[in-house]
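Asker: First, the structure itself, so that you have it in front of you.
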Amino acid sequence: MGEEAALTELEFTVFGFISRTPAETYEAVADPAILSRYFTTGGAAGRLAAGEPVTWDFADFPGAFPVEVLEANAPDLIRIRWAGEPANLTDPAGTEVSFVFRPVDGGARTEVRITERAWRVTRGGAEAAFGNCMGWTGMLAAMKAWLEHGVVLREGSYR
């Protein structure tokens with residue numbers, strides 16, 4: 001067996017399947033009105049498009065977070081960056097989050113993969129990464145419930 005490479009940064013990926021087309025699923029993340037229905041409990045402002053000013057607000061972390069759109073290629077990919085506690089990050093600009101939308105079942109369903117990276121390999125970095133991992137997993141569940149059944153899972157969950 002070869003020697004394992006040293007861990008220099010924490011990264012995770014969560015994924016799920018949504019019974020909607022990639023275009024519909026992409027819009028559920030890119031469009032602030034839709035995103036505000038199931039995820040950003042304090043609201044979202046600005047479309048996830050390169051160069052657009054975007055903020056997300058959450059009831060459990062009041063105050064709008066600026067979101068920088070690095071790339072937006074409908075209906076396949078959205079990449080954003082947002083700030084975190086600098087002491088926990090390997091990149092002073094924040095963590096990078098990628099949303100990848102892959103058609104399955106002839107495009108009737110979408111596999112959504114969310115990857116976030118840029119935490120230090122420290123207790124604080126791990127706690128921040130685990131917290132965000134929980135948040136993105138919750139987002140996937142809430143998106144599925146909203147898009148497939150019109151149910152708002154986050155209602156009352158965080159306040």
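Going by the structure tokens order, chains are called A, B, ..., each with residues numbered from 1, while ligands are numbered from 1 in the order shown.
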Kindly assemble as a tab-separated table a list of the range 4-43 of chain A residues that lie within 7 Å of range 50-58 of chain A, each paired with its nearest atom pair and their distance in Å to one decimal, using only C-alpha atoms, sorted first by chain and then by ascending residue number.
Answerer:
residue	atom	partner	partner_atom	distance
A:Thr40	CA	A:Phe58	CA	5.3
A:Thr41	CA	A:Phe58	CA	4.8
A:Gly42	CA	A:Asp57	CA	4.5
A:Gly43	CA	A:Asp57	CA	5.3
Asker: May I have the selected residues written with N, CA and C atoms, as an mmCIF file, in the first residue's frame?
Answerer:
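Wrote result_12.cif, looks like this:
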data_model
loop_
_atom_site.group_PDB
_atom_site.id
_atom_site.type_symbol
_atom_site.label_atom_id
_atom_site.label_comp_id
_atom_site.auth_asym_id
_atom_site.auth_seq_id
_atom_site.Cartn_x
_atom_site.Cartn_y
_atom_site.Cartn_z
ATOM 1 N N THR A 40 -33.432 29.979 1.916
ATOM 2 C CA THR A 40 -32.948 31.161 2.632
ATOM 3 C C THR A 40 -34.095 31.731 3.466
ATOM 4 N N THR A 41 -34.176 31.289 4.709
ATOM 5 C CA THR A 41 -35.314 31.612 5.573
ATOM 6 C C THR A 41 -35.471 33.107 5.827
ATOM 7 N N GLY A 42 -34.416 33.889 5.590
ATOM 8 C CA GLY A 42 -34.509 35.345 5.690
ATOM 9 C C GLY A 42 -34.598 36.005 4.329
ATOM 10 N N GLY A 43 -34.561 35.215 3.266
ATOM 11 C CA GLY A 43 -34.704 35.731 1.905
ATOM 12 C C GLY A 43 -33.396 35.759 1.134
#
Asker: Got a sec: who's within 7 Å of Gly125 in chain A, counting only C-alpha atoms, leaving out chain neighbours fewer than 4 positions off, as a VMD selection string?
Answerer: chain A and resid 88 to 89 119 to 121 129
Asker: Given the selection you just returned, output its residues as a file containing N, CA and C atoms, formatted as a PDB file, in the first residue's frame.
Answerer:
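As a result, part33.pdb now contains:
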ATOM      1  N   ASN A  88     -10.693  29.818  10.188  1.00  0.00           N
ATOM      2  CA  ASN A  88     -11.046  28.447   9.823  1.00  0.00           C
ATOM      3  C   ASN A  88     -10.805  28.122   8.348  1.00  0.00           C
ATOM      4  N   LEU A  89     -10.396  29.115   7.560  1.00  0.00           N
ATOM      5  CA  LEU A  89     -10.340  28.958   6.115  1.00  0.00           C
ATOM      6  C   LEU A  89      -8.925  28.861   5.573  1.00  0.00           C
ATOM      7  N   TRP A 119     -11.669  24.704   4.063  1.00  0.00           N
ATOM      8  CA  TRP A 119     -11.496  24.809   5.514  1.00  0.00           C
ATOM      9  C   TRP A 119     -10.143  24.270   5.929  1.00  0.00           C
ATOM     10  N   ARG A 120      -9.604  24.891   6.954  1.00  0.00           N
ATOM     11  CA  ARG A 120      -8.346  24.406   7.538  1.00  0.00           C
ATOM     12  C   ARG A 120      -8.586  23.074   8.234  1.00  0.00           C
ATOM     13  N   VAL A 121      -7.540  22.285   8.313  1.00  0.00           N
ATOM     14  CA  VAL A 121      -7.594  21.006   9.022  1.00  0.00           C
ATOM     15  C   VAL A 121      -7.303  21.291  10.493  1.00  0.00           C
ATOM     16  N   ALA A 129     -16.950  23.168   8.707  1.00  0.00           N
ATOM     17  CA  ALA A 129     -17.261  22.301   7.568  1.00  0.00           C
ATOM     18  C   ALA A 129     -18.441  21.391   7.886  1.00  0.00           C
TER      19      ALA A 129
END
Asker: Give me the residues near Asp31 in chain A as a list in words, where near means some atom within 7 Å (using only C-alpha atoms) and where sequence neighbours in that chain fewer than 3 positions away do not count.
Answerer: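 The residues satisfying every condition are Glu27, Ala28, Ile34, Leu35, Arg47 and Leu48 of chain A.
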Asker: Between CA of Ala30 in chain A and CA of Lys144 in chain A, what distance in Å does the model show, to one decimal?
Answerer: 15.2 Å
Asker: Name the residues of range 5-154 of chain A that fall into strand (DSSP E or B) according to DSSP on the backbone, using the chain letters and numbers of this document, as a PyMOL selection string.
Answerer: chain A and resi 10-18+43-45+54-58+61-73+77-82+89+95-104+109-119
Asker: Figure out the distance between CA of Phe17 in chain A and CA of Asp105 in chain A, please, to one decimal in Å.
Answerer: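 Separation of CA of Asp105 in chain A and CA of Phe17 in chain A: 10.6 Å.
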Asker: Run DSSP on the backbone and give me the residues of chain A it puts in helix (DSSP H, G or I), as a ChimeraX atom specification.
Answerer: /A:22-30,32-38,86-88,105-107,123-149
Asker: A:Ala59, A:Val100, A:Ala23, A:Leu153: which is nearest Ala141 in chain A, counting only C-alpha atoms?
Answerer: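 Closest to Ala141 in chain A of all the choices is A:Leu153.
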Asker: May I ask which of the residues A:Phe101, A:Trp146, A:Phe12, A:Phe65 is the closest one to Ala44 in chain A, counting only C-alpha atoms?
Answerer: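 Of A:Phe101, A:Trp146, A:Phe12, A:Phe65, the one nearest Ala44 in chain A is A:Phe65, counting only C-alpha atoms.
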